[in-house]
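I have placed the structure first, in the form of structure tokens, so that the comments after it can refer back to it.
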Amino acid sequence: MSDQKATRDGYGKGLVEIGKDKKVVALDADLSESTRSAWFKEKYPDRFFDIGIAEADMIGTAAGLAACGKIVFASTFAVFATGRTYDQIRASVAYNKLNVRIIGSHAGLLTGEDGASHQSLEDISLMRSLPNMTVIQPADFIEAKKAVLASLTYKGPIYLRTGRTKLPVIFNEDHKFRIGLGIVLKKGTDATIFATGTLVHEALKAHEALKEQKINVNIVNIHTIKPIDKELIIKLAKETKAIVTAEDHNIIGGLGSAVAEVLSENMPCIIERIGVKDKFGESGKSEELYEKYGLTAESIIKAVKKVMKKKVE
Amino acid sequence: MEMTLITSLNQKAKQTRKDILEMIAAAASGHPGGSLSATDIIVTLYYHKMNHNPKNPKWPDRDRFVLSKGHCCPALYSVLARSGYFPVSKLNGLRKIGSMLQGHPNMKSTPGIEMSTGSLGQGLSVANGIALAGKLDKKSYNVYCMVGCGESQEGQIWEAAMTAAHYKLDNIIGIQDNNRLQIDGFTDCVKCIDPITEKWRAFGWHAIEINGHDFNEIIAALDEADKIKNKPTMIVANTIKGKGISFMEDKVGWHGKAPSKEQLKEALEELR
């Protein structure tokens, strides 16, 4: 059994690591313990500012700091980090291409018991539609940390989506992470599964089960949803001609949409999208919610069989 | 000496008002009312108060100005051009396709613009961020931020007001262009913001109320702000929308409308 750690912990670790650089400044909106920016606060109190329960003000403050050459990490729950602040991110951050990193923690149904008000299922869609914005969702603790390290030298704003719940650590410290490049985790010829975040883990489970049924699929970890790895998507679509996408997000506007956009213009191909079917969530344990809303290995397996069948027809 | 300064600022203000009207008339759209109410303050900041270098717009030690009420940018564009940030000939490109002078300020296209604004309520938070960076970098610059009176109906202004007071940002000097008019009418009728000066005080700011068209009062308030330590200062400047042009003064209709050829001629006559 591998280690279990949350991606928000990877964020906290990474932030402390790059904190050596004096240009790094962190802000939070009264959720620093939850988002893990508190780990930075402990080490570098002079460069941490709690803006209180005022997310819009936090984003504006971040823009001002970034305009003076700081690399600013502004964190809160994903639902507030992107929804409540959309106009501030659009007008003050994205329009000016400033080095602000917006960290949305507790994203998706994975958030569980807090219910629909706190389960951000639209954030990727919102951020993806903003010019200049890069959108990243790491699949495990190590990848979250690597994303933070990579962000230190990256130009322009980034939205980093993290989660609360502990997940298996699937990468090691040698993990090669480059913003914008998808990672093929398993190779196969029958179909390709593009997954992001927690659904990468479900896709890996699906891969095992399918293998036993003599079905071999590619599993691709799409950690960067924008800019999306177009070449890789087209190449694997050409090779397998059957695609499944999987994400803990509304099927409108997220990874599934991004992949469908690439395919429809370049390599029209059979596709099934696993995600929340344009609904709000509810309270419950994450695993219960994943079951109820179809974000499981079983749903992915069914979708793989469906696209393979359609391909033959 | 003092008289020479005031005379000179008066001349600069006239020139700025002339530019504003000509630019907006040439663009056939824009916001003359608020630009004219903000003129005397912006003129005092750039031609007298602020430490800045038009030949080096990114000079790290410069004082900064954030125009949170971004729609009043014609006044700022005129002052920036005539200070030497870009050629005066660019002014007639306002709002035209491909121009460096966007309808609302864009820091990417216009030298001297510190922050893109236009969506109201955001500038004071940005100014706080610039002020915090100044403190972190041990710089002595000031950050001037102009907010509108209608703009203070935005909740984010008050979030930012709390942040500035909490972090004791004495390098923030806000100026509220209190012309009492917004698009739908008088602020008193649309949604009352009063007692506005007391509100700033209650939020932990040092507040000074002045006549925003009296250069002596503007200069005195800006100088007073320099002496205030451990808290931000807000200068509530009582102004007249459309100031300087008799048929525009206090008229809500001139918030966002360009003068016709005849109206421009008449207005320029008044500024002679």
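Each chain in the structure tokens gets a letter, A, B, ..., in the order shown, and its residues are numbered from 1; ligands are numbered from 1 in order too.
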
Contact residues around Ile18 of chain A with only C-alpha atoms at 12 Å, ignoring same-chain residues under 4 positions, as a PyMOL selection string:
chain A and resi 11-14+22-26+40+43-44+71-73+145-153

Identify all chain B residues at most 7 Å from chain A by counting only C-alpha atoms; ligands do not count. Present them as a ChimeraX atom specification.
/B:107-108,116,119,122,125-130,132-133,156,159-160,163

Go ahead and save the residues from that selection, with N, CA and C atoms, as a short mmCIF file (atom, residue, chain, number, x, y, z; two decimals), in the first residue's frame.
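Once everything was written out, this is out_29.cif:
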```
data_model
loop_
_atom_site.label_atom_id
_atom_site.label_comp_id
_atom_site.auth_asym_id
_atom_site.auth_seq_id
_atom_site.Cartn_x
_atom_site.Cartn_y
_atom_site.Cartn_z
N MET B 107 -2.77 48.62 -18.50
CA MET B 107 -1.36 48.76 -18.13
C MET B 107 -0.42 48.14 -19.16
N LYS B 108 -0.97 47.23 -19.98
CA LYS B 108 -0.13 46.55 -20.96
C LYS B 108 0.10 47.43 -22.19
N SER B 116 -4.58 48.07 -14.89
CA SER B 116 -5.77 48.11 -15.72
C SER B 116 -6.98 48.18 -14.79
N SER B 119 -13.58 47.78 -14.30
CA SER B 119 -14.61 47.11 -13.52
C SER B 119 -14.52 47.71 -12.12
N GLN B 122 -12.32 47.61 -7.78
CA GLN B 122 -11.13 46.76 -7.64
C GLN B 122 -9.83 47.51 -7.33
N SER B 125 -8.03 47.55 -3.68
CA SER B 125 -7.37 46.30 -3.30
C SER B 125 -6.00 46.21 -3.98
N VAL B 126 -5.97 46.57 -5.25
CA VAL B 126 -4.71 46.55 -6.00
C VAL B 126 -3.71 47.52 -5.38
N ALA B 127 -4.19 48.72 -5.03
CA ALA B 127 -3.33 49.71 -4.40
C ALA B 127 -2.76 49.16 -3.09
N ASN B 128 -3.58 48.44 -2.34
CA ASN B 128 -3.08 47.80 -1.11
C ASN B 128 -1.94 46.84 -1.42
N GLY B 129 -2.11 46.06 -2.47
CA GLY B 129 -1.06 45.10 -2.85
C GLY B 129 0.24 45.82 -3.20
N ILE B 130 0.12 46.93 -3.93
CA ILE B 130 1.31 47.72 -4.30
C ILE B 130 1.95 48.31 -3.03
N LEU B 132 1.71 47.05 0.05
CA LEU B 132 2.34 45.95 0.81
C LEU B 132 3.70 45.61 0.20
N ALA B 133 3.77 45.60 -1.15
CA ALA B 133 5.05 45.31 -1.81
C ALA B 133 6.07 46.39 -1.44
N GLN B 156 -16.36 45.53 -2.37
CA GLN B 156 -14.91 45.27 -2.34
C GLN B 156 -14.13 46.50 -1.84
N GLU B 159 -13.96 46.02 1.79
CA GLU B 159 -13.02 44.93 2.12
C GLU B 159 -11.60 45.50 2.10
N ALA B 160 -11.32 46.27 1.05
CA ALA B 160 -9.98 46.85 0.90
C ALA B 160 -9.72 47.90 1.99
N THR B 163 -8.55 46.06 4.93
CA THR B 163 -7.21 45.51 4.75
C THR B 163 -6.16 46.60 4.96
#
```

So which residues of segment 4-198 of chain A fall under alpha helix (DSSP H) by DSSP, listed as an MDAnalysis selection string?
chainID A and resid 7:18 32:35 38:43 55:67 78:79 86:88 123:128 141:151

Selected residues, C-alpha atoms, written as a short mmCIF file (atom, residue, chain, number, x, y, z; two decimals), in the first residue's frame, please.
```cif
data_model
loop_
_atom_site.label_atom_id
_atom_site.label_comp_id
_atom_site.auth_asym_id
_atom_site.auth_seq_id
_atom_site.Cartn_x
_atom_site.Cartn_y
_atom_site.Cartn_z
CA THR A 7 -2.75 17.30 -3.06
CA ARG A 8 -3.29 20.32 -0.77
CA ASP A 9 -0.39 18.95 1.32
CA GLY A 10 1.76 18.91 -1.81
CA TYR A 11 0.85 22.55 -2.33
CA GLY A 12 1.86 23.45 1.23
CA LYS A 13 5.17 21.58 0.95
CA GLY A 14 6.00 23.08 -2.42
CA LEU A 15 5.17 26.59 -1.24
CA VAL A 16 7.50 26.27 1.76
CA GLU A 17 10.21 24.98 -0.57
CA ILE A 18 10.05 27.90 -3.00
CA SER A 32 -4.82 28.93 5.69
CA GLU A 33 -4.95 25.77 7.82
CA SER A 34 -7.23 24.06 5.31
CA THR A 35 -5.42 25.17 2.16
CA ALA A 38 -0.34 28.09 6.98
CA TRP A 39 2.83 26.03 6.50
CA PHE A 40 4.31 28.97 4.59
CA LYS A 41 3.03 31.43 7.18
CA GLU A 42 4.86 29.52 9.90
CA LYS A 43 8.17 29.64 8.02
CA GLU A 55 -11.80 36.76 -1.49
CA ALA A 56 -12.33 39.53 -4.04
CA ASP A 57 -10.04 41.83 -2.05
CA MET A 58 -7.48 39.03 -1.81
CA ILE A 59 -7.29 38.69 -5.60
CA GLY A 60 -6.96 42.46 -6.07
CA THR A 61 -4.22 42.60 -3.44
CA ALA A 62 -2.47 39.73 -5.19
CA ALA A 63 -2.59 41.65 -8.48
CA GLY A 64 -1.01 44.71 -6.85
CA LEU A 65 1.80 42.66 -5.32
CA ALA A 66 2.41 40.88 -8.62
CA ALA A 67 2.52 44.22 -10.46
CA ALA A 78 -11.93 26.38 -5.07
CA VAL A 79 -15.57 27.46 -5.04
CA TYR A 86 -14.24 35.72 -11.28
CA ASP A 87 -14.35 39.40 -12.24
CA GLN A 88 -11.31 40.27 -10.11
CA ASP A 123 -14.07 26.17 -11.52
CA ILE A 124 -12.07 24.57 -14.35
CA SER A 125 -14.65 25.78 -16.83
CA LEU A 126 -14.54 29.33 -15.46
CA MET A 127 -10.76 29.54 -15.39
CA ARG A 128 -10.27 27.82 -18.73
CA PHE A 141 0.92 14.89 -3.56
CA ILE A 142 4.20 14.79 -5.49
CA GLU A 143 2.67 16.24 -8.63
CA ALA A 144 1.08 19.08 -6.63
CA LYS A 145 4.46 19.89 -5.15
CA LYS A 146 6.14 19.73 -8.55
CA ALA A 147 3.48 22.03 -10.01
CA VAL A 148 4.24 24.63 -7.35
CA LEU A 149 7.98 24.36 -8.01
CA ALA A 150 7.39 24.73 -11.76
CA SER A 151 5.20 27.78 -11.18
#
```

Ile228 of chain A: which residues within 8 Å, counting only C-alpha atoms, same-chain residues fewer than 6 positions away excluded, as an MDAnalysis selection string?
chainID A and resid 180:182 222 258:259

Would you kindly return, as a ChimeraX atom specification, each protein, DNA or RNA residue with an atom no farther than 9 Å from any atom of segment 259-271 of chain B, considering only C-alpha atoms and excluding same-chain residues fewer than 2 positions away?
/B:14-15,17-18,21-22,24-25,28-29,32,244-248,254,257

Go ahead and save the residues from that selection, with C-alpha atoms, as a compact mmCIF listing (two decimals), in the first residue's frame.
```txt
# COMPACT_ATOMS: atom_id res chain seq x y z
CA LYS B 14 -7.36 74.04 -18.37
CA GLN B 15 -5.17 72.21 -20.86
CA ARG B 17 -9.96 69.79 -19.65
CA LYS B 18 -9.42 70.89 -23.24
CA LEU B 21 -13.21 67.24 -24.41
CA GLU B 22 -11.30 67.01 -27.68
CA ILE B 24 -13.94 62.35 -26.23
CA ALA B 25 -15.40 64.37 -29.12
CA ALA B 28 -17.52 60.15 -30.22
CA SER B 29 -17.85 58.31 -26.90
CA PRO B 32 -16.54 63.64 -19.73
CA GLY B 244 -15.43 73.83 -15.81
CA ILE B 245 -18.04 73.52 -18.55
CA SER B 246 -21.22 75.34 -17.55
CA PHE B 247 -23.64 73.18 -19.49
CA MET B 248 -22.07 69.94 -18.19
CA TRP B 254 -22.85 64.06 -19.18
CA LYS B 257 -21.74 61.09 -23.59
```

Determine which residues of segment 48-280 of chain A receive a DSSP assignment of strand (DSSP E), computed from the backbone, and state them as a ChimeraX atom specification.
/A:48-50,71-77,100-105,134-136,158-161,167-168,183-186,191-195,217-221,224-226,242-250,270-276

For segment 234-241 of chain B: contacts at 10 Å, only C-alpha atoms, fewer than 6 positions along chain excluded, given as number ranges by chain
B: 32-41, 144-149, 161, 172-182, 196-197, 200-201, 205-214, 217-218, 221-222, 224-225, 248-252, 254-255

Would you kindly return, as a PDB file with N, CA and C atoms, in the first residue's frame, each protein, DNA or RNA residue with an atom no farther than 10 Å from any atom of Leu76 of chain B, considering only C-alpha atoms and excluding same-chain residues fewer than 5 positions away?
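Contents of around_24.pdb, freshly written:
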```
ATOM      1  N   THR B  16      -5.759  70.227 -19.587  1.00  0.00           N
ATOM      2  CA  THR B  16      -6.274  68.865 -19.411  1.00  0.00           C
ATOM      3  C   THR B  16      -7.755  68.810 -19.791  1.00  0.00           C
ATOM      4  N   ILE B  20      -9.425  66.533 -22.653  1.00  0.00           N
ATOM      5  CA  ILE B  20     -10.503  65.579 -22.348  1.00  0.00           C
ATOM      6  C   ILE B  20     -11.644  65.740 -23.354  1.00  0.00           C
ATOM      7  N   SER B  35     -14.368  62.714 -15.666  1.00  0.00           N
ATOM      8  CA  SER B  35     -13.004  63.118 -16.026  1.00  0.00           C
ATOM      9  C   SER B  35     -12.778  64.560 -15.602  1.00  0.00           C
ATOM     10  N   ALA B  38     -12.462  64.966 -11.782  1.00  0.00           N
ATOM     11  CA  ALA B  38     -11.209  64.419 -11.245  1.00  0.00           C
ATOM     12  C   ALA B  38      -9.987  65.228 -11.667  1.00  0.00           C
ATOM     13  N   THR B  39     -10.165  66.121 -12.630  1.00  0.00           N
ATOM     14  CA  THR B  39      -9.023  66.784 -13.271  1.00  0.00           C
ATOM     15  C   THR B  39      -8.079  67.502 -12.298  1.00  0.00           C
ATOM     16  N   ILE B  42      -5.942  65.064 -10.259  1.00  0.00           N
ATOM     17  CA  ILE B  42      -4.944  64.331 -11.060  1.00  0.00           C
ATOM     18  C   ILE B  42      -3.827  65.284 -11.508  1.00  0.00           C
ATOM     19  N   VAL B  43      -4.206  66.497 -11.857  1.00  0.00           N
ATOM     20  CA  VAL B  43      -3.217  67.513 -12.253  1.00  0.00           C
ATOM     21  C   VAL B  43      -2.255  67.790 -11.083  1.00  0.00           C
ATOM     22  N   TYR B  46       0.203  64.696 -10.540  1.00  0.00           N
ATOM     23  CA  TYR B  46       1.265  64.458 -11.533  1.00  0.00           C
ATOM     24  C   TYR B  46       2.181  65.655 -11.764  1.00  0.00           C
ATOM     25  N   PHE B  65       0.025  55.739  -9.002  1.00  0.00           N
ATOM     26  CA  PHE B  65      -1.359  56.214  -9.008  1.00  0.00           C
ATOM     27  C   PHE B  65      -2.235  55.142  -9.641  1.00  0.00           C
ATOM     28  N   LEU B  67      -6.034  54.515 -10.841  1.00  0.00           N
ATOM     29  CA  LEU B  67      -7.328  55.158 -11.105  1.00  0.00           C
ATOM     30  C   LEU B  67      -8.406  54.078 -11.037  1.00  0.00           C
ATOM     31  N   GLY B  70     -11.886  53.776 -13.459  1.00  0.00           N
ATOM     32  CA  GLY B  70     -11.122  53.744 -14.707  1.00  0.00           C
ATOM     33  C   GLY B  70     -11.750  54.490 -15.868  1.00  0.00           C
ATOM     34  N   ALA B  81       0.424  62.034 -21.167  1.00  0.00           N
ATOM     35  CA  ALA B  81       1.008  62.445 -22.456  1.00  0.00           C
ATOM     36  C   ALA B  81       1.796  63.741 -22.291  1.00  0.00           C
ATOM     37  N   ARG B  82       1.198  64.699 -21.625  1.00  0.00           N
ATOM     38  CA  ARG B  82       1.853  66.009 -21.503  1.00  0.00           C
ATOM     39  C   ARG B  82       3.002  65.984 -20.508  1.00  0.00           C
ATOM     40  N   PRO B 105      -8.421  52.094 -18.746  1.00  0.00           N
ATOM     41  CA  PRO B 105      -6.952  51.963 -18.685  1.00  0.00           C
ATOM     42  C   PRO B 105      -6.452  50.514 -18.811  1.00  0.00           C
ATOM     43  N   GLY B 112       2.916  54.288 -18.126  1.00  0.00           N
ATOM     44  CA  GLY B 112       2.477  55.137 -17.025  1.00  0.00           C
ATOM     45  C   GLY B 112       1.223  54.648 -16.332  1.00  0.00           C
ATOM     46  N   ILE B 113       0.483  53.752 -16.990  1.00  0.00           N
ATOM     47  CA  ILE B 113      -0.699  53.171 -16.323  1.00  0.00           C
ATOM     48  C   ILE B 113      -0.206  52.043 -15.409  1.00  0.00           C
TER      49      ILE B 113
END
```

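Across the model, the gap from atom CA of Ser286 of chain A to atom CA of Leu110 of chain A is 4.8 Å.
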
Among listed residues B:Gly242, B:Arg64, B:Met115, B:Val88, nearest Met50 of chain B (using only C-alpha atoms):
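Smallest distance to Met50 of chain B is found for B:Arg64.
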
Name all residues at most 7 Å from segment 150-152 of chain B (count only C-alpha atoms; drop same-chain ones fewer than 6 positions away) and give them as a list of chain:residue names.
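Contacts, with the query itself left out: B:Leu120, B:Gly121, B:Gln182, B:Thr187.
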
Just N, CA and C atoms for this one: save the residues we selected as a short mmCIF file (atom, residue, chain, number, x, y, z; two decimals), in the first residue's frame.
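Ended up saving to selection-v7.cif:
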```cif
data_model
loop_
_atom_site.label_atom_id
_atom_site.label_comp_id
_atom_site.auth_asym_id
_atom_site.auth_seq_id
_atom_site.Cartn_x
_atom_site.Cartn_y
_atom_site.Cartn_z
N LEU B 120 -15.53 48.51 -11.73
CA LEU B 120 -15.43 49.31 -10.52
C LEU B 120 -15.27 48.49 -9.25
N GLY B 121 -14.57 49.09 -8.29
CA GLY B 121 -14.43 48.49 -6.96
C GLY B 121 -13.13 47.77 -6.73
N GLN B 182 -24.04 59.55 -10.24
CA GLN B 182 -23.72 58.29 -10.91
C GLN B 182 -24.68 58.14 -12.08
N THR B 187 -26.24 60.13 -6.15
CA THR B 187 -25.97 58.98 -5.27
C THR B 187 -26.99 58.93 -4.14
#
```

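Put simply, atom CA of Glu198 of chain B is 26.0 Å away from atom CA of Lys49 of chain B.
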